[in-house]
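Scroll down for the structure; my scribbles are underneath it.
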Amino acid sequence: MALVQMHDMLRHAYENKYAVGSFDVVSMDFLQGVINAAEQCRAPVILGLAEPYSDHFDMELLATAVESAARRSSVPVAIHYDHGSSVEGVIRGIRHGCNGVMIDASDRSLDENIATTKEVVQIAHACGVPVEAELGYVPDNGNDLIFTTVDEARGFVRLTGVDFLAVSIGTVHGRFKGKPRLDYPRLRHINEALQIPLVLHGSSGLSDDQLHRLIANGIAKVNCFTAITDRAVELLRRNARSKDEGYMKLVTGIHEEMEKEATRLMRIWGCAGRAAEVMEQCHPWQGVDYVLKFNLPDVDSDEMAIITRRGRQIMLQIPGVREIKVSETLNGNNTSPQYCWQVSLASVEVVEYLKQHPEFIKFTRRYINDRATNLTNTIYRINQIG
Ligand SMILES: [Zn+2]
């Protein structure tokens, strides 16, 4: 298993002046292409689940594939929730396995951006998850671009406690119309003032030299989507021109094409060849299970079903709770507990957060603590064998 703390990963990149690629994954082809590229060139990598694209796929299903690819990968991987628009979205991202989240309130007023980001930081940090926010505005075309200013950036980071900052220094999402004009002095000043990993959105279409200069000035995470999809679309068009137009023919070679482009970019960004040292210097990202075992002697199966439903409903609302498995003994005796509730948490930090959550306290007090016998609660760390 090679899931690592994103905070450690990006710190390493920032201090060693290279950047890690964060690729928004929208399909299995994407996932295979990117993870194969990272393994080929021994690069740490971030797999992104982007909220704006979530209408196109089942986020929960894709997240399961992403997490499983990360766990079996031989290079360090982090999973990022990209362009979250709300607190609820970010909580959902953490539930799906993201260990880094972006809250993007850059299209709102500065005060609103600060307030929303601050709220997300409080919740995400309680789950051990670092937060990226955006200041200034990186638009989908050149027209509405708003540059990040040094003073605002300094105040923003101080007030919100954000871990990484996406800056607007002349790039746009998607494809550039004309030549990109990048404001390097602005980036340098922001970097000197903040001293935290900076994030580049809108990297597609930049030259190697431009990317190198941006990375030398504090960019430690490069978001990438269009460069990869453009290569895939070209291949689809080529395949479509062939006589055999079946689906499998159409998608043949797609993830290999994506892998080629991702490998090329990883070499430019300087993350290629860094996997071993990143793995050595990053803390692993490990979930924990909070396991409650108990008997409820005066409760019949109908009431137990109600209690179970209610418990699941309450706990799944709590940030950092990922899943709840409820089981009952098959071969129990009078001394062993009959019920076992296995509550999977994003990280060990969530244990305290859960235990202090008013809804959780109210529920366990009413249904379990006052009525259960043989009650135990144990925390198990999920081992990194995979
Ligand atoms: Zn972006």
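Residue numbers start at 1 in each chain; chains themselves are named A, B, ... in the order of the structure tokens; ligands are numbered from 1 in the order shown.
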Would you list the residues that come within 9 Å of ligand 1? Count only C-alpha atoms and all ligand atoms and give the answer as an mmCIF file with C-alpha atoms, in the first residue's frame.
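Generated output (result-v2.cif):
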```
data_model
loop_
_atom_site.group_PDB
_atom_site.id
_atom_site.type_symbol
_atom_site.label_atom_id
_atom_site.label_comp_id
_atom_site.auth_asym_id
_atom_site.auth_seq_id
_atom_site.Cartn_x
_atom_site.Cartn_y
_atom_site.Cartn_z
ATOM 1 C CA ALA A 50 -12.985 16.547 -9.431
ATOM 2 C CA ASP A 82 -10.534 18.826 -6.611
ATOM 3 C CA HIS A 83 -12.539 22.054 -6.892
ATOM 4 C CA ASP A 104 -12.684 26.593 -4.317
ATOM 5 C CA VAL A 138 -8.124 31.136 -12.629
ATOM 6 C CA PRO A 139 -10.896 31.286 -15.247
ATOM 7 C CA ASP A 140 -11.943 28.891 -17.984
ATOM 8 C CA ALA A 166 -3.722 27.815 -5.713
ATOM 9 C CA VAL A 172 -6.317 29.692 -17.430
ATOM 10 C CA HIS A 173 -8.175 26.397 -17.185
ATOM 11 C CA GLY A 174 -8.373 24.434 -20.439
ATOM 12 C CA LEU A 200 -0.794 25.707 -10.433
ATOM 13 C CA HIS A 201 -4.172 25.315 -12.128
ATOM 14 C CA GLY A 202 -4.315 25.653 -15.900
ATOM 15 C CA ASN A 223 -3.045 20.225 -11.774
ATOM 16 C CA CYS A 224 -3.383 18.536 -15.102
ATOM 17 C CA PHE A 225 -6.358 17.494 -17.180
#
```
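Excluding Leu10 (chain A) itself and any same-chain residue fewer than 4 positions from it, the protein and nucleic acid residues within 9 Å of it, counting only C-alpha atoms, are A:Gln5, A:Met6, A:Tyr14, A:Glu15, A:Ala19, A:Val20, A:Phe164, A:Pro197, A:Ala220, A:Lys221.
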Dump of N, CA, C and O atoms for the selected residues, as an mmCIF file, in the first residue's frame:
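Now in selection-v9.cif:
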```cif
data_model
loop_
_atom_site.group_PDB
_atom_site.id
_atom_site.type_symbol
_atom_site.label_atom_id
_atom_site.label_comp_id
_atom_site.auth_asym_id
_atom_site.auth_seq_id
_atom_site.Cartn_x
_atom_site.Cartn_y
_atom_site.Cartn_z
ATOM 1 N N GLN A 5 0.549 10.622 3.277
ATOM 2 C CA GLN A 5 -0.003 11.915 3.668
ATOM 3 C C GLN A 5 0.347 12.954 2.602
ATOM 4 O O GLN A 5 1.522 13.143 2.271
ATOM 5 N N MET A 6 -0.671 13.635 2.102
ATOM 6 C CA MET A 6 -0.423 14.608 1.041
ATOM 7 C C MET A 6 0.417 15.789 1.539
ATOM 8 O O MET A 6 1.214 16.369 0.803
ATOM 9 N N TYR A 14 8.039 20.824 -2.368
ATOM 10 C CA TYR A 14 8.285 22.261 -2.198
ATOM 11 C C TYR A 14 9.730 22.513 -1.765
ATOM 12 O O TYR A 14 10.416 23.364 -2.323
ATOM 13 N N GLU A 15 10.183 21.734 -0.788
ATOM 14 C CA GLU A 15 11.535 21.948 -0.269
ATOM 15 C C GLU A 15 12.610 21.532 -1.271
ATOM 16 O O GLU A 15 13.708 22.067 -1.259
ATOM 17 N N ALA A 19 7.703 19.589 -8.700
ATOM 18 C CA ALA A 19 6.251 19.600 -8.504
ATOM 19 C C ALA A 19 5.664 18.213 -8.748
ATOM 20 O O ALA A 19 6.143 17.468 -9.601
ATOM 21 N N VAL A 20 4.644 17.891 -7.966
ATOM 22 C CA VAL A 20 3.925 16.629 -8.143
ATOM 23 C C VAL A 20 2.711 16.895 -9.031
ATOM 24 O O VAL A 20 2.038 17.918 -8.868
ATOM 25 N N PHE A 164 -2.173 24.642 1.412
ATOM 26 C CA PHE A 164 -1.605 24.892 0.079
ATOM 27 C C PHE A 164 -2.485 25.959 -0.580
ATOM 28 O O PHE A 164 -3.692 25.983 -0.351
ATOM 29 N N PRO A 197 3.532 25.246 0.058
ATOM 30 C CA PRO A 197 3.444 24.757 -1.320
ATOM 31 C C PRO A 197 2.351 25.491 -2.101
ATOM 32 O O PRO A 197 1.220 25.629 -1.623
ATOM 33 N N ALA A 220 4.458 23.587 -6.257
ATOM 34 C CA ALA A 220 4.832 22.225 -5.842
ATOM 35 C C ALA A 220 3.778 21.203 -6.260
ATOM 36 O O ALA A 220 3.969 20.005 -6.076
ATOM 37 N N LYS A 221 2.645 21.699 -6.785
ATOM 38 C CA LYS A 221 1.586 20.795 -7.263
ATOM 39 C C LYS A 221 1.060 21.386 -8.564
ATOM 40 O O LYS A 221 0.684 22.570 -8.598
#
```
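Closest approach to Ile123 (chain A) among A:Leu110, A:Ile254, A:Leu354, A:Ala275 is made by A:Leu354 (distances from only C-alpha atoms).
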Spatial neighbours of region 182-192 of chain A, 6 Å, only C-alpha atoms, chain gap at least 6 places, as a PDB file with all heavy atoms, in the first residue's frame:
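This went into part_14.pdb:
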```pdb
ATOM      1  N   VAL A 150      -0.184  39.759  -3.258  1.00  0.00           N
ATOM      2  CA  VAL A 150       0.660  39.262  -2.160  1.00  0.00           C
ATOM      3  C   VAL A 150      -0.004  39.540  -0.803  1.00  0.00           C
ATOM      4  O   VAL A 150      -0.077  38.659   0.054  1.00  0.00           O
ATOM      5  CB  VAL A 150       2.060  39.930  -2.210  1.00  0.00           C
ATOM      6  CG1 VAL A 150       2.936  39.418  -1.073  1.00  0.00           C
ATOM      7  CG2 VAL A 150       2.718  39.672  -3.550  1.00  0.00           C
ATOM      8  N   ILE A 169      -1.732  33.563 -11.543  1.00  0.00           N
ATOM      9  CA  ILE A 169      -0.587  34.391 -11.976  1.00  0.00           C
ATOM     10  C   ILE A 169      -0.514  34.451 -13.502  1.00  0.00           C
ATOM     11  O   ILE A 169       0.538  34.710 -14.071  1.00  0.00           O
ATOM     12  CB  ILE A 169       0.746  33.867 -11.365  1.00  0.00           C
ATOM     13  CG1 ILE A 169       0.825  32.332 -11.395  1.00  0.00           C
ATOM     14  CG2 ILE A 169       0.905  34.286  -9.925  1.00  0.00           C
ATOM     15  CD1 ILE A 169       1.490  31.748 -12.549  1.00  0.00           C
ATOM     16  N   GLY A 170      -1.657  34.179 -14.150  1.00  0.00           N
ATOM     17  CA  GLY A 170      -1.708  34.328 -15.613  1.00  0.00           C
ATOM     18  C   GLY A 170      -2.140  33.088 -16.366  1.00  0.00           C
ATOM     19  O   GLY A 170      -2.275  33.134 -17.587  1.00  0.00           O
ATOM     20  N   ASN A 217       9.794  28.872  -8.476  1.00  0.00           N
ATOM     21  CA  ASN A 217       9.230  29.942  -7.637  1.00  0.00           C
ATOM     22  C   ASN A 217       8.097  29.456  -6.736  1.00  0.00           C
ATOM     23  O   ASN A 217       7.202  30.224  -6.396  1.00  0.00           O
ATOM     24  CB  ASN A 217       8.760  31.098  -8.514  1.00  0.00           C
ATOM     25  CG  ASN A 217       9.932  31.922  -9.018  1.00  0.00           C
ATOM     26  OD1 ASN A 217      10.629  32.557  -8.239  1.00  0.00           O
ATOM     27  ND2 ASN A 217      10.185  31.874 -10.315  1.00  0.00           N
ATOM     28  N   GLY A 218       8.107  28.205  -6.364  1.00  0.00           N
ATOM     29  CA  GLY A 218       7.195  27.762  -5.299  1.00  0.00           C
ATOM     30  C   GLY A 218       6.048  26.864  -5.715  1.00  0.00           C
ATOM     31  O   GLY A 218       5.297  26.379  -4.851  1.00  0.00           O
TER      32      GLY A 218
END
```
Practice problem: Find the residues near region 318-320 of chain A: any atom within 9 Å, counting only C-alpha atoms, skip ones fewer than 3 places away on the same chain, and give them as a list in words. | Solution: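 The contact residues come out as Ile91, Arg92, Ile94, Arg95, Ile123, Ala124, Ala126, Cys127, Gly128, Ile314, Met315, Ser344, Leu345, Ala346, Ser347, Glu349, Val350, Val351, Tyr353, Leu354, His357, Glu359 and Phe360 of chain A.
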Region 209-363 of chain A: residues DSSP assigns to alpha helix (DSSP H), reported as a short mmCIF file (atom, residue, chain, number, x, y, z; two decimals) with N, CA, C and O atoms, in the first residue's frame:
```
data_model
loop_
_atom_site.label_atom_id
_atom_site.label_comp_id
_atom_site.auth_asym_id
_atom_site.auth_seq_id
_atom_site.Cartn_x
_atom_site.Cartn_y
_atom_site.Cartn_z
N ASP A 209 10.04 25.45 -20.33
CA ASP A 209 10.76 26.53 -19.65
C ASP A 209 9.83 27.29 -18.69
O ASP A 209 10.21 27.60 -17.56
N GLN A 210 8.62 27.56 -19.15
CA GLN A 210 7.66 28.25 -18.27
C GLN A 210 7.38 27.41 -17.02
O GLN A 210 7.35 27.92 -15.91
N LEU A 211 7.17 26.12 -17.23
CA LEU A 211 6.89 25.24 -16.09
C LEU A 211 8.08 25.22 -15.13
O LEU A 211 7.91 25.32 -13.90
N HIS A 212 9.29 25.14 -15.65
CA HIS A 212 10.48 25.13 -14.78
C HIS A 212 10.56 26.41 -13.95
O HIS A 212 10.86 26.37 -12.77
N ARG A 213 10.29 27.54 -14.59
CA ARG A 213 10.37 28.82 -13.85
C ARG A 213 9.30 28.91 -12.77
O ARG A 213 9.54 29.43 -11.68
N LEU A 214 8.11 28.39 -13.08
CA LEU A 214 7.03 28.42 -12.08
C LEU A 214 7.40 27.53 -10.89
O LEU A 214 7.20 27.90 -9.72
N ILE A 215 7.95 26.37 -11.18
CA ILE A 215 8.31 25.42 -10.12
C ILE A 215 9.46 25.98 -9.27
O ILE A 215 9.48 25.83 -8.05
N ALA A 216 10.39 26.68 -9.92
CA ALA A 216 11.50 27.29 -9.17
C ALA A 216 10.99 28.36 -8.22
O ALA A 216 11.65 28.72 -7.25
N THR A 226 -6.41 18.84 -19.21
CA THR A 226 -6.60 19.05 -20.65
C THR A 226 -5.48 18.42 -21.49
O THR A 226 -5.75 17.82 -22.54
N ALA A 227 -4.22 18.55 -21.01
CA ALA A 227 -3.11 18.00 -21.80
C ALA A 227 -3.30 16.51 -22.03
O ALA A 227 -2.99 16.00 -23.11
N ILE A 228 -3.82 15.83 -21.01
CA ILE A 228 -4.01 14.38 -21.11
C ILE A 228 -5.21 14.06 -22.00
O ILE A 228 -5.15 13.19 -22.86
N THR A 229 -6.32 14.79 -21.79
CA THR A 229 -7.52 14.48 -22.57
C THR A 229 -7.31 14.80 -24.05
O THR A 229 -7.83 14.11 -24.92
N ASP A 230 -6.55 15.85 -24.34
CA ASP A 230 -6.32 16.20 -25.74
C ASP A 230 -5.64 15.06 -26.49
O ASP A 230 -5.99 14.76 -27.63
N ARG A 231 -4.68 14.43 -25.82
CA ARG A 231 -3.99 13.29 -26.46
C ARG A 231 -4.95 12.14 -26.68
O ARG A 231 -4.93 11.46 -27.70
N ALA A 232 -5.84 11.92 -25.70
CA ALA A 232 -6.81 10.83 -25.81
C ALA A 232 -7.79 11.10 -26.95
O ALA A 232 -8.13 10.20 -27.72
N VAL A 233 -8.22 12.35 -27.07
CA VAL A 233 -9.18 12.71 -28.12
C VAL A 233 -8.55 12.52 -29.51
O VAL A 233 -9.19 12.00 -30.43
N GLU A 234 -7.30 12.93 -29.63
CA GLU A 234 -6.60 12.73 -30.93
C GLU A 234 -6.60 11.26 -31.32
O GLU A 234 -6.86 10.91 -32.46
N LEU A 235 -6.31 10.42 -30.34
CA LEU A 235 -6.26 8.98 -30.63
C LEU A 235 -7.65 8.45 -30.98
O LEU A 235 -7.80 7.66 -31.92
N LEU A 236 -8.66 8.90 -30.24
CA LEU A 236 -10.03 8.48 -30.54
C LEU A 236 -10.39 8.83 -31.98
O LEU A 236 -11.00 8.04 -32.70
N ARG A 237 -10.00 10.03 -32.40
CA ARG A 237 -10.31 10.47 -33.77
C ARG A 237 -9.60 9.56 -34.78
O ARG A 237 -10.18 9.17 -35.79
N ARG A 238 -8.34 9.28 -34.49
CA ARG A 238 -7.59 8.38 -35.41
C ARG A 238 -8.26 7.02 -35.47
O ARG A 238 -8.49 6.48 -36.55
N ASN A 239 -8.62 6.47 -34.30
CA ASN A 239 -9.26 5.16 -34.26
C ASN A 239 -10.60 5.18 -35.00
O ASN A 239 -10.97 4.22 -35.67
N ALA A 240 -11.31 6.29 -34.88
CA ALA A 240 -12.65 6.39 -35.49
C ALA A 240 -12.56 6.37 -37.02
O ALA A 240 -13.51 6.00 -37.70
N ARG A 241 -11.40 6.80 -37.54
CA ARG A 241 -11.24 6.82 -39.00
C ARG A 241 -11.01 5.42 -39.58
O ARG A 241 -11.15 5.20 -40.76
N TYR A 247 -16.67 -0.51 -30.45
CA TYR A 247 -16.25 0.26 -29.26
C TYR A 247 -14.83 -0.07 -28.83
O TYR A 247 -14.01 0.81 -28.57
N MET A 248 -14.52 -1.37 -28.76
CA MET A 248 -13.20 -1.76 -28.27
C MET A 248 -12.10 -1.25 -29.19
O MET A 248 -11.03 -0.86 -28.73
N LYS A 249 -12.39 -1.20 -30.48
CA LYS A 249 -11.42 -0.67 -31.43
C LYS A 249 -11.22 0.83 -31.19
O LYS A 249 -10.12 1.37 -31.22
N LEU A 250 -12.35 1.47 -30.92
CA LEU A 250 -12.33 2.93 -30.71
C LEU A 250 -11.47 3.32 -29.50
O LEU A 250 -10.77 4.33 -29.52
N VAL A 251 -11.53 2.53 -28.45
CA VAL A 251 -10.81 2.92 -27.22
C VAL A 251 -9.45 2.22 -27.10
O VAL A 251 -8.74 2.43 -26.12
N ILE A 254 -5.97 3.92 -25.62
CA ILE A 254 -6.24 5.18 -24.93
C ILE A 254 -5.35 5.34 -23.69
O ILE A 254 -4.69 6.36 -23.52
N HIS A 255 -5.35 4.35 -22.82
CA HIS A 255 -4.60 4.59 -21.58
C HIS A 255 -3.10 4.60 -21.82
O HIS A 255 -2.36 5.29 -21.14
N GLU A 256 -2.66 3.90 -22.88
CA GLU A 256 -1.23 3.95 -23.23
C GLU A 256 -0.86 5.37 -23.69
O GLU A 256 0.20 5.89 -23.36
N GLU A 257 -1.77 5.99 -24.44
CA GLU A 257 -1.54 7.35 -24.94
C GLU A 257 -1.49 8.34 -23.76
O GLU A 257 -0.65 9.23 -23.71
N MET A 258 -2.41 8.15 -22.82
CA MET A 258 -2.42 9.01 -21.63
C MET A 258 -1.16 8.80 -20.81
O MET A 258 -0.59 9.75 -20.27
N GLU A 259 -0.73 7.55 -20.73
CA GLU A 259 0.48 7.24 -19.97
C GLU A 259 1.69 7.97 -20.57
O GLU A 259 2.50 8.53 -19.83
N LYS A 260 1.77 7.98 -21.90
CA LYS A 260 2.91 8.63 -22.57
C LYS A 260 2.96 10.11 -22.20
O LYS A 260 4.01 10.65 -21.86
N GLU A 261 1.79 10.77 -22.27
CA GLU A 261 1.76 12.21 -21.99
C GLU A 261 2.05 12.49 -20.51
O GLU A 261 2.79 13.41 -20.17
N ALA A 262 1.47 11.68 -19.63
CA ALA A 262 1.70 11.88 -18.19
C ALA A 262 3.18 11.67 -17.86
O ALA A 262 3.76 12.42 -17.07
N THR A 263 3.80 10.67 -18.49
CA THR A 263 5.23 10.40 -18.25
C THR A 263 6.07 11.61 -18.70
O THR A 263 6.97 12.05 -17.98
N ARG A 264 5.74 12.12 -19.86
CA ARG A 264 6.48 13.28 -20.38
C ARG A 264 6.40 14.45 -19.40
O ARG A 264 7.40 15.09 -19.06
N LEU A 265 5.18 14.69 -18.88
CA LEU A 265 4.98 15.82 -17.97
C LEU A 265 5.70 15.59 -16.63
O LEU A 265 6.30 16.50 -16.08
N MET A 266 5.64 14.36 -16.13
CA MET A 266 6.30 14.07 -14.84
C MET A 266 7.80 14.33 -14.93
O MET A 266 8.42 14.78 -13.98
N ARG A 267 8.37 14.06 -16.10
CA ARG A 267 9.82 14.33 -16.28
C ARG A 267 10.07 15.84 -16.27
O ARG A 267 11.02 16.31 -15.65
N ILE A 268 9.18 16.60 -16.91
CA ILE A 268 9.37 18.07 -16.95
C ILE A 268 9.21 18.66 -15.55
O ILE A 268 9.96 19.53 -15.13
N TRP A 269 8.23 18.18 -14.82
CA TRP A 269 7.96 18.74 -13.49
C TRP A 269 9.02 18.35 -12.44
O TRP A 269 9.03 18.91 -11.35
N ALA A 275 10.23 8.83 -6.28
CA ALA A 275 9.32 7.99 -5.49
C ALA A 275 9.95 7.43 -4.22
O ALA A 275 9.34 7.50 -3.15
N ALA A 276 11.18 6.92 -4.34
CA ALA A 276 11.80 6.25 -3.19
C ALA A 276 12.01 7.20 -2.02
O ALA A 276 11.64 6.88 -0.87
N GLU A 277 12.55 8.39 -2.30
CA GLU A 277 12.80 9.31 -1.18
C GLU A 277 11.48 9.85 -0.60
O GLU A 277 11.38 10.06 0.61
N VAL A 278 10.49 10.04 -1.44
CA VAL A 278 9.19 10.51 -0.93
C VAL A 278 8.59 9.43 -0.02
O VAL A 278 8.12 9.72 1.08
N MET A 279 8.67 8.20 -0.47
CA MET A 279 8.12 7.09 0.31
C MET A 279 8.79 7.02 1.67
O MET A 279 8.14 6.80 2.69
N GLU A 280 10.08 7.24 1.68
CA GLU A 280 10.84 7.15 2.92
C GLU A 280 10.49 8.30 3.88
O GLU A 280 10.47 8.13 5.08
N GLN A 281 10.20 9.47 3.32
CA GLN A 281 10.03 10.64 4.18
C GLN A 281 8.58 11.02 4.46
O GLN A 281 8.32 11.97 5.18
N SER A 301 -35.39 -8.06 17.71
CA SER A 301 -34.74 -7.81 16.42
C SER A 301 -35.34 -6.61 15.69
O SER A 301 -34.65 -5.89 14.97
N ASP A 302 -36.65 -6.35 15.88
CA ASP A 302 -37.27 -5.19 15.22
C ASP A 302 -36.66 -3.90 15.76
O ASP A 302 -36.32 -2.99 15.01
N GLU A 303 -36.55 -3.83 17.10
CA GLU A 303 -36.00 -2.61 17.68
C GLU A 303 -34.52 -2.46 17.30
O GLU A 303 -34.03 -1.37 17.06
N MET A 304 -33.84 -3.59 17.23
CA MET A 304 -32.41 -3.56 16.86
C MET A 304 -32.24 -3.00 15.45
O MET A 304 -31.31 -2.23 15.18
N ALA A 305 -33.17 -3.37 14.55
CA ALA A 305 -33.10 -2.85 13.17
C ALA A 305 -33.26 -1.33 13.18
O ALA A 305 -32.58 -0.61 12.44
N ILE A 306 -34.16 -0.83 14.04
CA ILE A 306 -34.36 0.63 14.12
C ILE A 306 -33.11 1.31 14.66
O ILE A 306 -32.65 2.33 14.14
N ILE A 307 -32.54 0.72 15.71
CA ILE A 307 -31.34 1.30 16.32
C ILE A 307 -30.19 1.33 15.31
O ILE A 307 -29.47 2.32 15.17
N THR A 308 -30.05 0.25 14.56
CA THR A 308 -28.97 0.15 13.58
C THR A 308 -29.11 1.21 12.49
O THR A 308 -28.16 1.91 12.14
N ARG A 309 -30.35 1.33 12.00
CA ARG A 309 -30.60 2.33 10.94
C ARG A 309 -30.28 3.73 11.44
O ARG A 309 -29.63 4.52 10.78
N ARG A 310 -30.75 4.02 12.63
CA ARG A 310 -30.54 5.35 13.22
C ARG A 310 -29.05 5.62 13.43
O ARG A 310 -28.55 6.69 13.15
N GLY A 311 -28.36 4.61 13.95
CA GLY A 311 -26.92 4.73 14.21
C GLY A 311 -26.14 5.03 12.94
O GLY A 311 -25.31 5.93 12.89
N ARG A 312 -26.46 4.29 11.89
CA ARG A 312 -25.78 4.50 10.61
C ARG A 312 -26.02 5.92 10.09
O ARG A 312 -25.11 6.60 9.66
N GLN A 313 -27.30 6.30 10.17
CA GLN A 313 -27.70 7.62 9.67
C GLN A 313 -26.90 8.73 10.38
O GLN A 313 -26.37 9.63 9.74
N ILE A 314 -26.82 8.63 11.69
CA ILE A 314 -26.13 9.66 12.48
C ILE A 314 -24.63 9.64 12.21
O ILE A 314 -24.02 10.67 11.92
N MET A 315 -24.04 8.46 12.24
CA MET A 315 -22.58 8.40 12.13
C MET A 315 -22.09 8.78 10.73
O MET A 315 -21.06 9.43 10.60
N LEU A 316 -22.85 8.40 9.70
CA LEU A 316 -22.40 8.73 8.34
C LEU A 316 -22.46 10.22 8.03
O LEU A 316 -21.90 10.68 7.04
N GLU A 349 -7.20 10.71 13.80
CA GLU A 349 -7.70 12.00 14.33
C GLU A 349 -9.22 12.00 14.47
O GLU A 349 -9.77 12.68 15.33
N VAL A 350 -9.89 11.24 13.62
CA VAL A 350 -11.36 11.27 13.62
C VAL A 350 -11.94 10.63 14.89
O VAL A 350 -13.07 10.94 15.29
N VAL A 351 -11.15 9.78 15.56
CA VAL A 351 -11.68 9.08 16.74
C VAL A 351 -12.18 10.09 17.77
O VAL A 351 -13.33 10.01 18.24
N GLU A 352 -11.33 11.07 18.09
CA GLU A 352 -11.73 12.06 19.10
C GLU A 352 -12.89 12.91 18.60
O GLU A 352 -13.82 13.24 19.35
N TYR A 353 -12.83 13.26 17.32
CA TYR A 353 -13.85 14.08 16.71
C TYR A 353 -15.22 13.39 16.81
O TYR A 353 -16.23 13.98 17.16
N LEU A 354 -15.19 12.07 16.54
CA LEU A 354 -16.42 11.27 16.60
C LEU A 354 -16.93 11.20 18.04
O LEU A 354 -18.11 11.45 18.31
N LYS A 355 -16.01 10.88 18.95
CA LYS A 355 -16.42 10.68 20.35
C LYS A 355 -16.99 11.96 20.96
O LYS A 355 -17.79 11.91 21.88
N PRO A 358 -21.70 15.84 19.32
CA PRO A 358 -22.92 15.81 20.14
C PRO A 358 -23.94 14.76 19.69
O PRO A 358 -24.57 14.10 20.53
N GLU A 359 -24.10 14.58 18.37
CA GLU A 359 -25.09 13.60 17.87
C GLU A 359 -24.67 12.18 18.24
O GLU A 359 -25.50 11.33 18.58
N PHE A 360 -23.36 11.91 18.15
CA PHE A 360 -22.85 10.58 18.47
C PHE A 360 -23.01 10.31 19.97
O PHE A 360 -23.45 9.23 20.39
N ILE A 361 -22.71 11.32 20.78
CA ILE A 361 -22.84 11.17 22.24
C ILE A 361 -24.31 10.88 22.59
O ILE A 361 -24.62 9.97 23.35
N LYS A 362 -25.21 11.68 21.99
CA LYS A 362 -26.64 11.52 22.27
C LYS A 362 -27.11 10.11 21.88
O LYS A 362 -27.81 9.45 22.64
N PHE A 363 -26.69 9.67 20.72
CA PHE A 363 -27.13 8.35 20.22
C PHE A 363 -26.61 7.22 21.10
O PHE A 363 -27.37 6.35 21.54
#
```
Quiz item: Could you pull out the strand (DSSP E or B) residues of region 93-268 of chain A from DSSP and send them as JSON, numbers by chain?
Solution: {"A": [100, 101, 102, 103, 131, 132, 133, 134, 135, 137, 146, 164, 165, 166, 167, 198, 199, 200, 219, 220, 221, 222, 223, 224]}
Quiz item: What is the distance between CA of Tyr53 (chain A) and CA of Phe23 (chain A), in Å to one decimal?
Solution: 12.7 Å
Self-check item: Atom-to-atom span, CA of Cys271 (chain A) and CA of Ala63 (chain A), Å
Solution: 23.9 Å
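Between CA of Ala13 (chain A) and CA of Arg42 (chain A) the separation is 14.2 Å.
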